[in-house]
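S.K.: Contents of structure25.txt (compact mmCIF, C-alpha atoms) are given next:
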```
# COMPACT_ATOMS: atom_id res chain seq x y z
CA MET T 1 53.38 -15.58 124.49
CA SER T 2 52.25 -14.27 127.88
CA PRO T 3 49.03 -12.22 128.16
CA GLU T 4 51.10 -9.11 128.99
CA MET T 5 53.30 -9.51 125.91
CA LEU T 6 50.24 -10.27 123.74
CA THR T 7 48.61 -7.02 124.93
CA LEU T 8 51.69 -4.96 124.04
CA PHE T 9 52.13 -6.76 120.71
CA MET T 10 48.54 -6.39 119.50
CA PHE T 11 48.02 -2.77 120.50
CA GLY T 12 51.53 -1.79 119.44
CA GLY T 13 51.01 -3.46 116.06
CA LEU T 14 47.64 -1.72 115.74
CA LEU T 15 49.21 1.71 116.19
CA ILE T 16 52.11 0.94 113.82
CA GLY T 17 49.70 -0.27 111.12
CA LEU T 18 47.57 2.85 111.43
CA PHE T 19 50.58 5.18 111.34
CA MET T 20 51.69 3.43 108.15
CA GLY T 21 48.36 4.44 106.60
CA HIS T 22 46.71 1.02 106.26
CA PRO T 23 42.88 0.75 106.52
CA LEU T 24 41.62 0.12 110.06
CA ALA T 25 39.56 -2.98 109.16
CA PHE T 26 42.54 -4.80 107.64
CA VAL T 27 44.93 -3.77 110.41
CA LEU T 28 42.51 -5.18 113.00
CA GLY T 29 42.04 -8.41 111.07
CA GLY T 30 45.77 -8.78 110.39
CA MET T 31 46.71 -8.25 114.03
CA ALA T 32 44.05 -10.81 115.00
CA VAL T 33 45.69 -13.44 112.78
CA LEU T 34 49.22 -12.65 114.02
CA GLY T 35 48.05 -12.49 117.63
CA ALA T 36 46.31 -15.86 117.35
CA TRP T 37 49.39 -17.45 115.79
CA LEU T 38 51.79 -16.05 118.42
CA GLY T 39 49.41 -16.25 121.39
CA PRO T 40 46.63 -18.78 122.05
CA GLY T 41 47.24 -20.68 118.78
CA ALA T 42 45.95 -20.75 115.21
CA ASN T 43 43.02 -22.98 116.21
CA THR T 44 41.58 -19.89 117.90
CA LEU T 45 40.72 -18.47 114.48
CA GLY T 46 38.03 -21.11 114.00
CA ILE T 47 36.31 -19.93 117.17
CA ILE T 48 36.63 -16.32 116.04
CA ILE T 49 35.07 -17.04 112.64
CA ASN T 50 32.11 -18.74 114.32
CA ASN T 51 31.77 -15.73 116.63
CA ILE T 52 31.78 -13.30 113.69
CA TYR T 53 29.07 -15.11 111.76
CA GLY T 54 27.13 -16.51 114.69
CA ASN T 55 27.02 -13.47 116.96
CA ALA T 56 28.32 -10.22 115.46
CA MET T 57 26.83 -10.48 111.95
CA ASP T 58 23.67 -12.21 113.17
CA ASN T 59 22.63 -9.22 115.29
CA TYR T 60 19.21 -8.01 114.07
CA VAL T 61 19.83 -4.48 115.42
CA LEU T 62 22.61 -3.97 112.85
CA VAL T 63 20.01 -3.98 110.06
CA ALA T 64 19.21 -0.41 111.11
CA ILE T 65 22.71 0.79 110.14
CA PRO T 66 22.39 0.56 106.33
CA LEU T 67 18.85 1.98 106.53
CA PHE T 68 19.92 5.04 108.54
CA ILE T 69 22.89 5.53 106.21
CA LEU T 70 20.53 5.41 103.21
CA MET T 71 18.19 7.88 104.94
CA ALA T 72 21.12 10.26 105.43
CA ARG T 73 22.18 10.02 101.80
CA PHE T 74 18.66 10.68 100.49
CA LEU T 75 18.30 13.73 102.71
CA ASN T 76 21.73 15.07 101.81
CA ASP T 77 21.18 14.60 98.07
CA SER T 78 17.73 16.20 98.15
CA GLY T 79 19.29 19.66 98.65
CA VAL T 80 16.86 20.56 101.44
CA THR T 81 19.75 21.11 103.87
CA GLU T 82 21.09 24.09 101.91
CA LYS T 83 17.65 25.70 101.77
CA MET T 84 17.18 25.05 105.48
CA PHE T 85 20.45 26.90 106.21
CA ASP T 86 19.42 29.94 104.16
CA THR T 87 16.09 30.08 106.00
CA MET T 88 17.64 29.89 109.48
CA ARG T 89 20.34 32.44 108.53
CA LEU T 90 17.67 35.01 107.63
CA LEU T 91 15.63 34.17 110.71
CA LEU T 92 18.58 34.93 113.03
CA ALA T 93 19.91 37.86 111.00
CA ASN T 94 19.37 40.43 113.79
CA LEU T 95 21.56 38.56 116.28
CA ARG T 96 25.26 39.34 116.51
CA GLY T 97 26.96 36.11 115.52
CA GLY T 98 23.72 35.03 113.83
CA LEU T 99 25.49 33.16 111.03
CA ALA T 100 27.53 31.09 113.50
CA LEU T 101 24.41 30.50 115.57
CA THR T 102 22.64 29.37 112.40
CA VAL T 103 25.39 26.80 111.84
CA VAL T 104 24.73 25.37 115.32
CA VAL T 105 20.95 25.22 114.86
CA VAL T 106 21.09 23.69 111.37
CA SER T 107 23.81 21.23 112.45
CA VAL T 108 21.59 20.04 115.31
CA LEU T 109 18.76 19.51 112.81
CA LEU T 110 21.13 17.71 110.45
CA ALA T 111 22.42 15.59 113.34
CA ALA T 112 18.87 14.50 114.13
CA THR T 113 18.18 13.63 110.49
CA THR T 114 21.39 12.50 108.79
CA GLY T 115 23.70 11.35 111.57
CA ILE T 116 26.70 11.45 109.20
CA VAL T 117 29.47 13.76 110.41
CA GLY T 118 31.26 14.02 107.07
CA ALA T 119 28.08 15.09 105.30
CA SER T 120 27.17 17.71 107.93
CA ILE T 121 30.65 19.28 108.01
CA ALA T 122 31.01 19.22 104.23
CA VAL T 123 27.59 20.82 103.71
CA MET T 124 28.18 23.49 106.35
CA GLY T 125 31.70 24.07 105.09
CA MET T 126 30.52 24.63 101.52
CA ILE T 127 27.45 26.78 102.20
CA ALA T 128 28.34 28.58 105.45
CA LEU T 129 32.11 29.11 105.70
CA VAL T 130 32.50 31.36 102.65
CA PRO T 131 29.59 33.70 103.64
CA MET T 132 30.88 33.88 107.24
CA LEU T 133 34.38 34.87 106.12
CA LYS T 134 32.90 37.23 103.53
CA TYR T 135 30.90 39.09 106.20
CA GLY T 136 33.96 39.45 108.43
CA TYR T 137 33.50 36.61 110.92
CA ASN T 138 36.53 35.48 112.88
CA LYS T 139 38.24 32.62 111.02
CA GLN T 140 38.75 30.37 114.05
CA LEU T 141 35.21 30.90 115.35
CA SER T 142 33.78 30.14 111.89
CA THR T 143 35.74 26.94 111.36
CA GLY T 144 35.47 25.78 114.98
CA VAL T 145 31.70 26.07 115.18
CA ILE T 146 31.29 24.21 111.86
CA MET T 147 33.50 21.30 112.95
CA ALA T 148 32.17 20.98 116.50
CA SER T 149 28.49 21.31 115.56
CA GLY T 150 28.92 18.92 112.64
CA CYS T 151 30.18 16.22 115.01
CA LEU T 152 26.85 16.16 116.86
CA GLY T 153 25.63 13.73 114.20
CA ILE T 154 27.16 10.77 116.04
CA LEU T 155 25.55 11.76 119.35
CA ILE T 156 22.06 13.14 118.72
CA PRO T 157 19.72 10.27 117.79
CA PRO T 158 19.04 8.62 115.46
CA SER T 159 22.76 7.89 115.34
CA ILE T 160 24.57 5.00 113.69
CA MET T 161 27.14 5.05 116.49
CA LEU T 162 24.46 4.64 119.18
CA ILE T 163 22.98 1.68 117.31
CA LEU T 164 26.40 0.00 117.16
CA MET T 165 26.94 0.76 120.86
CA ALA T 166 23.59 -0.78 121.73
CA SER T 167 24.45 -3.95 119.80
CA TYR T 168 27.60 -4.36 121.94
CA SER T 169 26.02 -3.51 125.30
CA PRO T 170 23.05 -4.69 127.38
CA VAL T 171 21.31 -1.33 126.81
CA SER T 172 18.46 -1.18 124.29
CA VAL T 173 18.58 1.18 121.31
CA GLY T 174 15.51 3.07 122.58
CA ALA T 175 17.06 3.64 126.02
CA LEU T 176 20.36 4.73 124.48
CA PHE T 177 18.63 7.13 122.07
CA ALA T 178 16.68 8.66 124.96
CA GLY T 179 19.80 8.84 127.14
CA ALA T 180 21.90 10.58 124.49
CA LEU T 181 19.26 13.10 123.44
CA VAL T 182 19.65 15.52 126.38
CA PRO T 183 23.50 15.47 126.38
CA GLY T 184 23.48 16.03 122.59
CA LEU T 185 21.12 18.98 122.85
CA LEU T 186 23.09 20.24 125.86
CA LEU T 187 26.25 20.39 123.76
CA GLY T 188 24.35 22.23 121.04
CA VAL T 189 23.13 24.79 123.60
CA MET T 190 26.66 25.18 125.00
CA TYR T 191 28.05 25.83 121.51
CA ALA T 192 25.29 28.40 120.87
CA LEU T 193 25.94 30.16 124.20
CA TYR T 194 29.66 30.25 123.45
CA VAL T 195 28.95 31.91 120.09
CA LEU T 196 26.67 34.51 121.70
CA VAL T 197 29.09 35.26 124.54
CA ILE T 198 32.24 35.51 122.40
CA CYS T 199 30.46 37.71 119.82
CA HIS T 200 29.15 39.94 122.62
CA LEU T 201 32.61 40.32 124.17
CA LYS T 202 34.29 40.71 120.78
CA PRO T 203 31.74 42.19 118.33
CA SER T 204 34.18 41.92 115.43
CA TYR T 205 33.98 38.11 115.69
CA GLY T 206 30.35 38.04 114.46
CA PRO T 207 29.07 41.10 112.57
CA LEU T 208 25.35 41.50 111.83
CA VAL T 209 23.89 40.53 108.44
CA PRO T 210 23.68 43.69 106.28
CA ALA T 211 20.31 45.43 106.45
CA GLU T 212 20.07 45.47 102.64
CA GLU T 213 20.11 41.67 102.51
CA GLN T 214 17.54 41.42 105.30
CA ALA T 215 15.22 43.79 103.42
CA GLU T 216 15.19 41.49 100.37
CA THR T 217 13.06 38.91 102.24
CA SER T 218 9.69 39.88 103.75
CA THR T 219 8.23 38.34 106.90
CA ARG T 220 5.67 36.45 104.81
CA GLN T 221 8.40 34.98 102.59
CA LEU T 222 10.39 33.97 105.64
CA LEU T 223 7.40 32.18 107.17
CA LEU T 224 6.80 30.35 103.89
CA MET T 225 10.45 29.29 103.80
CA LEU T 226 10.19 27.99 107.38
CA GLY T 227 7.16 25.92 106.49
CA LYS T 228 8.71 24.60 103.29
CA TYR T 229 12.32 23.91 104.25
CA VAL T 230 12.44 23.53 108.06
CA LEU T 231 9.22 21.68 108.90
CA PRO T 232 9.84 18.66 106.59
CA PRO T 233 13.16 17.73 108.27
CA MET T 234 11.43 18.22 111.63
CA ALA T 235 8.74 15.76 110.48
CA LEU T 236 11.51 13.28 109.74
CA ILE T 237 12.93 13.72 113.25
CA LEU T 238 9.52 13.25 114.88
CA GLY T 239 8.70 10.30 112.66
CA VAL T 240 11.84 8.40 113.60
CA LEU T 241 12.29 9.34 117.26
CA GLY T 242 8.56 9.43 118.00
CA SER T 243 8.04 5.88 116.75
CA LEU T 244 10.99 4.72 118.86
CA PHE T 245 10.20 6.52 122.11
CA THR T 246 6.51 5.60 122.05
CA GLY T 247 7.30 1.95 121.47
CA ILE T 248 5.46 1.83 118.15
CA ALA T 249 8.56 0.65 116.29
CA THR T 250 11.92 -0.97 116.96
CA ALA T 251 15.17 0.68 115.84
CA THR T 252 15.11 -1.28 112.59
CA GLU T 253 11.48 -0.40 111.88
CA ALA T 254 12.10 3.26 112.79
CA SER T 255 15.02 3.38 110.37
CA ALA T 256 12.71 2.09 107.63
CA ILE T 257 10.26 4.88 108.48
CA GLY T 258 13.12 7.38 108.22
CA VAL T 259 14.19 6.07 104.80
CA SER T 260 10.60 6.36 103.54
CA ILE T 261 10.25 9.99 104.68
CA ALA T 262 13.74 10.90 103.39
CA PHE T 263 12.92 9.37 100.00
CA LEU T 264 9.75 11.49 99.83
CA LEU T 265 11.82 14.60 100.59
CA PHE T 266 14.25 13.54 97.86
CA LEU T 267 11.35 13.29 95.39
CA ILE T 268 10.00 16.69 96.47
CA PHE T 269 13.20 18.73 96.74
CA GLY T 270 15.74 16.72 94.72
CA ASP T 271 16.28 16.56 90.96
CA ARG T 272 14.46 13.16 90.80
CA LYS T 273 17.03 11.85 88.31
CA VAL T 274 17.64 8.11 88.15
CA SER T 275 21.40 8.76 88.06
CA THR T 276 21.25 10.75 91.31
CA CYS T 277 19.25 8.01 93.01
CA TYR T 278 21.72 5.41 91.74
CA ASN T 279 24.69 7.39 93.11
CA THR T 280 22.88 7.73 96.44
CA LEU T 281 22.47 3.95 96.68
CA ILE T 282 26.11 3.36 95.69
CA GLU T 283 27.45 5.82 98.28
CA ALA T 284 25.22 4.34 100.99
CA SER T 285 26.48 0.86 100.08
CA LYS T 286 30.11 1.98 100.30
CA THR T 287 29.60 3.47 103.77
CA THR T 288 27.73 0.37 104.97
CA THR T 289 30.49 -1.91 103.67
CA MET T 290 33.13 0.14 105.45
CA VAL T 291 31.28 -0.09 108.77
CA MET T 292 30.71 -3.82 108.43
CA LEU T 293 34.35 -4.53 107.50
CA VAL T 294 35.53 -2.68 110.60
CA LEU T 295 33.01 -4.64 112.67
CA VAL T 296 34.41 -7.96 111.36
CA GLY T 297 38.02 -6.91 111.95
CA ALA T 298 37.31 -5.58 115.45
CA THR T 299 35.37 -8.73 116.41
CA ALA T 300 38.33 -10.87 115.37
CA PHE T 301 40.80 -8.59 117.20
CA THR T 302 38.91 -8.49 120.50
CA GLY T 303 38.14 -12.22 120.28
CA VAL T 304 41.81 -13.20 120.01
CA PHE T 305 42.72 -10.60 122.63
CA SER T 306 40.17 -12.04 125.06
CA ILE T 307 41.12 -15.69 124.54
CA GLY T 308 44.80 -14.80 124.91
CA GLY T 309 44.19 -13.30 128.37
CA GLY T 310 44.47 -9.64 127.37
CA MET T 311 41.12 -8.78 128.98
CA ASP T 312 42.42 -9.89 132.39
CA VAL T 313 45.53 -7.72 131.96
CA ILE T 314 43.46 -4.62 131.15
CA HIS T 315 41.07 -5.39 134.05
CA GLU T 316 43.97 -5.59 136.52
CA VAL T 317 45.50 -2.33 135.26
CA VAL T 318 42.19 -0.46 135.48
CA MET T 319 41.27 -1.76 138.92
CA ALA T 320 44.77 -0.94 140.23
CA MET T 321 44.20 2.75 139.58
CA PRO T 322 44.25 4.93 142.72
CA GLY T 323 40.89 6.40 143.66
CA GLY T 324 38.81 3.22 143.32
CA ASN T 325 35.91 3.36 140.89
CA VAL T 326 36.40 7.08 140.20
CA GLY T 327 40.03 6.56 139.25
CA ALA T 328 39.13 3.59 137.05
CA LEU T 329 36.43 5.60 135.25
CA ILE T 330 38.78 8.54 134.68
CA LEU T 331 41.39 6.16 133.21
CA MET T 332 38.85 4.57 130.85
CA PHE T 333 37.53 7.93 129.62
CA PHE T 334 41.09 9.17 129.19
CA LEU T 335 41.96 6.08 127.12
CA VAL T 336 38.92 6.70 124.91
CA PHE T 337 40.06 10.32 124.47
CA ILE T 338 43.60 9.24 123.52
CA LEU T 339 42.32 6.56 121.12
CA GLY T 340 40.19 9.27 119.51
CA MET T 341 43.36 10.99 118.32
CA PHE T 342 44.26 7.95 116.20
CA LEU T 343 41.10 5.92 115.48
CA ASP T 344 37.59 6.68 114.27
CA TRP T 345 34.60 6.03 116.53
CA THR T 346 33.82 2.65 114.94
CA GLY T 347 37.16 1.16 115.86
CA ILE T 348 37.11 2.68 119.35
CA VAL T 349 33.65 1.31 120.17
CA LEU T 350 34.39 -2.16 118.82
CA LEU T 351 37.75 -2.28 120.59
CA SER T 352 36.86 -0.76 123.95
CA PHE T 353 33.36 -2.04 124.71
CA PRO T 354 34.20 -5.77 124.96
CA ILE T 355 37.04 -4.81 127.32
CA MET T 356 35.44 -2.03 129.39
CA LEU T 357 31.80 -3.05 129.78
CA PRO T 358 32.52 -6.20 131.85
CA ILE T 359 34.65 -4.03 134.16
CA ILE T 360 31.85 -1.44 134.42
CA GLU T 361 29.27 -4.12 135.28
CA SER T 362 31.58 -5.58 137.96
CA MET T 363 31.97 -2.09 139.45
CA GLY T 364 28.19 -1.63 139.69
CA VAL T 365 28.21 1.51 137.51
CA ASP T 366 25.08 2.30 135.45
CA VAL T 367 25.90 0.94 131.98
CA LEU T 368 23.58 3.43 130.22
CA TRP T 369 25.34 6.36 131.88
CA PHE T 370 28.76 4.98 130.98
CA VAL T 371 27.89 4.31 127.33
CA VAL T 372 26.48 7.84 126.86
CA MET T 373 29.55 9.31 128.57
CA VAL T 374 31.76 7.44 126.10
CA ALA T 375 29.59 8.76 123.25
CA VAL T 376 30.13 12.34 124.46
CA VAL T 377 33.89 11.83 124.90
CA LEU T 378 34.00 10.44 121.36
CA GLN T 379 32.92 13.86 120.11
CA THR T 380 36.56 14.81 120.59
CA SER T 381 37.74 11.95 118.35
CA PHE T 382 36.68 14.00 115.31
CA LEU T 383 38.30 17.20 116.55
CA THR T 384 41.66 16.24 118.03
CA PRO T 385 44.79 16.07 115.85
CA PRO T 386 46.59 14.32 114.28
CA PHE T 387 43.77 12.20 112.80
CA GLY T 388 40.65 14.24 113.64
CA TYR T 389 38.32 13.53 110.73
CA ALA T 390 36.46 16.83 111.12
CA LEU T 391 39.74 18.65 110.46
CA PHE T 392 40.19 16.77 107.19
CA TYR T 393 36.55 17.13 106.14
CA LEU T 394 36.58 20.91 106.55
CA LYS T 395 40.07 21.39 105.13
CA GLY T 396 38.90 19.60 101.99
CA VAL T 397 36.14 22.15 101.29
CA ALA T 398 37.62 25.28 102.92
CA PRO T 399 38.57 28.25 100.71
CA LYS T 400 42.13 29.50 100.34
CA GLY T 401 43.47 31.25 103.40
CA VAL T 402 42.17 28.67 105.90
CA GLU T 403 45.26 26.77 107.06
CA THR T 404 45.52 23.52 109.01
CA LEU T 405 46.96 25.39 112.00
CA ASP T 406 43.84 27.60 112.03
CA LEU T 407 41.69 24.47 112.34
CA TYR T 408 43.83 23.08 115.18
CA ARG T 409 43.40 26.31 117.14
CA ALA T 410 39.71 26.53 116.35
CA VAL T 411 38.79 23.25 118.07
CA ILE T 412 40.40 24.07 121.44
CA PRO T 413 37.45 25.95 123.04
CA PHE T 414 34.97 23.39 121.74
CA CYS T 415 36.96 20.46 123.15
CA ALA T 416 36.92 22.34 126.47
CA LEU T 417 33.12 22.60 126.22
CA ILE T 418 32.88 18.84 125.62
CA VAL T 419 34.96 18.21 128.76
CA LEU T 420 32.66 20.59 130.68
CA ALA T 421 29.62 18.64 129.43
CA CYS T 422 31.21 15.41 130.67
CA LEU T 423 31.74 16.96 134.11
CA LEU T 424 28.08 18.05 134.23
CA MET T 425 26.97 14.51 133.31
CA ALA T 426 29.26 13.09 136.01
CA PHE T 427 27.85 15.34 138.74
CA PHE T 428 24.26 15.17 137.43
CA PRO T 429 23.66 11.61 136.07
CA ALA T 430 19.96 12.45 135.61
CA LEU T 431 20.96 14.34 132.47
CA VAL T 432 21.47 10.87 130.98
CA THR T 433 19.08 8.60 132.89
CA GLY T 434 16.18 11.03 133.41
CA LEU T 435 14.61 10.89 129.94
CA PRO T 436 14.88 7.08 129.57
CA SER T 437 13.22 6.68 132.97
CA LEU T 438 10.41 9.05 131.96
CA LEU T 439 9.77 7.64 128.49
CA ILE T 440 10.49 3.93 128.67
CA GLY T 441 10.80 3.24 132.39
CA TYR T 442 14.54 2.45 132.26
```
Take the structure in this file and express it as structure tokens.
M.R.:
Amino acid sequence: MSPEMLTLFMFGGLLIGLFMGHPLAFVLGGMAVLGAWLGPGANTLGIIINNIYGNAMDNYVLVAIPLFILMARFLNDSGVTEKMFDTMRLLLANLRGGLALTVVVVSVLLAATTGIVGASIAVMGMIALVPMLKYGYNKQLSTGVIMASGCLGILIPPSIMLILMASYSPVSVGALFAGALVPGLLLGVMYALYVLVICHLKPSYGPLVPAEEQAETSTRQLLLMLGKYVLPPMALILGVLGSLFTGIATATEASAIGVSIAFLLFLIFGDRKVSTCYNTLIEASKTTTMVMLVLVGATAFTGVFSIGGGMDVIHEVVMAMPGGNVGALILMFFLVFILGMFLDWTGIVLLSFPIMLPIIESMGVDVLWFVVMVAVVLQTSFLTPPFGYALFYLKGVAPKGVETLDLYRAVIPFCALIVLACLLMAFFPALVTGLPSLLIGY
């Protein structure tokens, strides 16, 4: 089979398998076996197996993934996130759209502590959506801000996605964390400004919290709640990111620090039951297994694809784009956006990076800038139908009256804001490279 036919066969089979509802990891692995048999030959599988166990699974950086997942589970099961939301909601009660703004602020804090999109959206959906609708907030604004802000967990460090990206690129985890921090916070600020502007132009979208409810909590009580429920998660953020940025710890060591602090918060705020702790470990193990299975399947897929000549086909198509390097970059970002409609971020990273990064290096483009740009574009992968995971997460916990079509409409302005953030990063690369240069001399 020619490289061109192999490219069409493997990617066409990948899409068919996904549309049939099969798990991504097994579709990737299955297409790798079929592609090897029809393309470069079955003997290729021996090379692929050696690559999986000798390179992919032997990467020390990947040890940080199960630790960060466990940290997220401990924090989520401690219950501190719900108390943190209540505190921030009362703090911003005098602002029009304050509840929606609270969702953004708390989601940014959750993103910097948990890094799990499903957990952030589910928590915000359960504790914020009902009160927002109860107080008369616009349905699409309420659902849109929950889904978009919840997706920041894969962008704002410490992020499992950034660790996986670092393991597949020449960029260190510390540099990637520093590079993604400003764009992640920038998106959070843009979401907050959108909430303030839309609620100012249309006051009915975000009514004020009733004065009676505000009067139930004194200033002293509010300050105590800030110290008790907001400062501990902030300590977790500083403990993890501070140890990384100052060079005290590697990504793996920083993840261990995060697990230790999260476990302390679980002991302080959680129910401290052995059964709860056991369930936390089981859920963390399930998530870790899922990520690792996708990694194995994607390594096999890209390995067969590369040996069969598919990489050269993609390289020729990209470099033939009109507009030179700019046209090639636009095509690659557009492909990532389209893939985001059908795949989750794990599959996209593991599929695209082995293909795109060699092209980027040959073009002389800053790899750190490109990787962070891809991370920002991947924000849309959770929001865009038909397979946007954020849509499913929120639909699963939303009350009656919130329809799927409402969710599709709700994400449109936030996807536009993500595109605007990408344009800002394209015209001002220092938004990505400035902090790494300042902190770690990138």
S.K.: Find the residues near Cys415 of chain T: any atom within 8 Å, counting all atoms listed in the file, skip ones fewer than 3 places away on the same chain, and give them as a list in words.
M.R.: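 The contact residues come out as Thr380, Leu383, Val411, Ile412, Ile418 and Val419 of chain T.
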S.K.: Using only C-alpha atoms, determine which residues lie at most 12 Å from Leu357 of chain T, disregarding the query and same-chain residues fewer than 3 positions distant; provide the list as a PyMOL selection string.
M.R.: chain T and resi 165-166+168-171+311+314-315+329+332+349-354+360-371+374
S.K.: Leu238 of chain T: which residues within 12 Å, counting all atoms listed in the file, same-chain residues fewer than 2 positions away excluded, as a CSV table (one decimal) with C-alpha atoms, in the coordinates of the input?
M.R.:
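Result file follows (out_15.csv):
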```csv
chain,number,residue,atom,x,y,z
T,109,LEU,CA,18.8,19.5,112.8
T,112,ALA,CA,18.9,14.5,114.1
T,113,THR,CA,18.2,13.6,110.5
T,157,PRO,CA,19.7,10.3,117.8
T,158,PRO,CA,19.0,8.6,115.5
T,231,LEU,CA,9.2,21.7,108.9
T,232,PRO,CA,9.8,18.7,106.6
T,233,PRO,CA,13.2,17.7,108.3
T,234,MET,CA,11.4,18.2,111.6
T,235,ALA,CA,8.7,15.8,110.5
T,236,LEU,CA,11.5,13.3,109.7
T,240,VAL,CA,11.8,8.4,113.6
T,241,LEU,CA,12.3,9.3,117.3
T,242,GLY,CA,8.6,9.4,118.0
T,243,SER,CA,8.0,5.9,116.8
T,244,LEU,CA,11.0,4.7,118.9
T,245,PHE,CA,10.2,6.5,122.1
T,246,THR,CA,6.5,5.6,122.0
T,254,ALA,CA,12.1,3.3,112.8
T,257,ILE,CA,10.3,4.9,108.5
T,258,GLY,CA,13.1,7.4,108.2
T,261,ILE,CA,10.2,10.0,104.7
```
S.K.: Skipping near chain neighbours, those fewer than 3 positions away, what residues fall within 12 Å of Ile52 of chain T using all atoms listed in the file, listed as a list in words?
M.R.: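 My list of contacting residues is Gly29, Leu45, Gly46, Ile47, Ile48, Ile49, Asn55, Ala56, Met57, Asp58, Asn59, Met292, Leu293, Val294, Leu295, Val296, Gly297, Ala298, Thr299, Ala300, Phe301, Thr302, Gly303 and Val304 of chain T.
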S.K.: Print the selection's residues with C-alpha atoms to a file, as a tab-separated table (two decimals), in the frame of the given file.
M.R.:
```
chain	number	residue	atom	x	y	z
T	29	GLY	CA	42.04	-8.41	111.07
T	45	LEU	CA	40.72	-18.47	114.48
T	46	GLY	CA	38.03	-21.11	114.00
T	47	ILE	CA	36.31	-19.93	117.17
T	48	ILE	CA	36.63	-16.32	116.04
T	49	ILE	CA	35.07	-17.04	112.64
T	55	ASN	CA	27.02	-13.47	116.96
T	56	ALA	CA	28.32	-10.22	115.46
T	57	MET	CA	26.83	-10.48	111.95
T	58	ASP	CA	23.67	-12.21	113.17
T	59	ASN	CA	22.63	-9.22	115.29
T	292	MET	CA	30.71	-3.82	108.43
T	293	LEU	CA	34.35	-4.53	107.50
T	294	VAL	CA	35.53	-2.68	110.60
T	295	LEU	CA	33.01	-4.64	112.67
T	296	VAL	CA	34.41	-7.96	111.36
T	297	GLY	CA	38.02	-6.91	111.95
T	298	ALA	CA	37.31	-5.58	115.45
T	299	THR	CA	35.37	-8.73	116.41
T	300	ALA	CA	38.33	-10.87	115.37
T	301	PHE	CA	40.80	-8.59	117.20
T	302	THR	CA	38.91	-8.49	120.50
T	303	GLY	CA	38.14	-12.22	120.28
T	304	VAL	CA	41.81	-13.20	120.01
```
S.K.: When distances are computed from only C-alpha atoms, which of T:Leu141, T:Phe263, T:Leu14, T:Gly35 shows the smallest separation from Leu75 of chain T?
M.R.: T:Phe263
S.K.: Record the distance separating atom CA of Ala249 of chain T and atom CA of Ile160 of chain T, expressed in Å with one decimal.
M.R.: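 Taking atom CA of Ala249 of chain T and atom CA of Ile160 of chain T, their separation equals 16.8 Å.
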S.K.: Report, in Å with one decimal, the straight-line distance from atom CA of Pro23 of chain T to atom CA of Thr276 of chain T.
M.R.: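 Between atom CA of Pro23 of chain T and atom CA of Thr276 of chain T the gap works out to 28.3 Å.
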S.K.: In Å to one decimal, how far is atom CA of Gly324 of chain T from atom CA of Thr7 of chain T?
M.R.: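 Separation between atom CA of Thr7 of chain T and atom CA of Gly324 of chain T: 23.2 Å.
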S.K.: Restricting the calculation to only C-alpha atoms: of T:Met124, T:Leu6, T:Leu424, T:Leu18, which residue gets closest to Met341 of chain T?
M.R.: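 Under the stated criterion, the closest residue is T:Leu18.
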S.K.: Mind checking which residues fall within 10 Å of Ala426 of chain T, counting all atoms listed in the file, ignoring those fewer than 5 positions away in the same chain, and posting them as a PyMOL selection string?
M.R.: chain T and resi 369-370+373+420-421+431-432
S.K.: Determine the nearest neighbour of Leu407 of chain T from the options T:Phe269, T:Phe9, T:Tyr389, T:Phe19, counting all atoms listed in the file.
M.R.: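 Among the listed residues, the smallest separation from Leu407 of chain T belongs to T:Tyr389.
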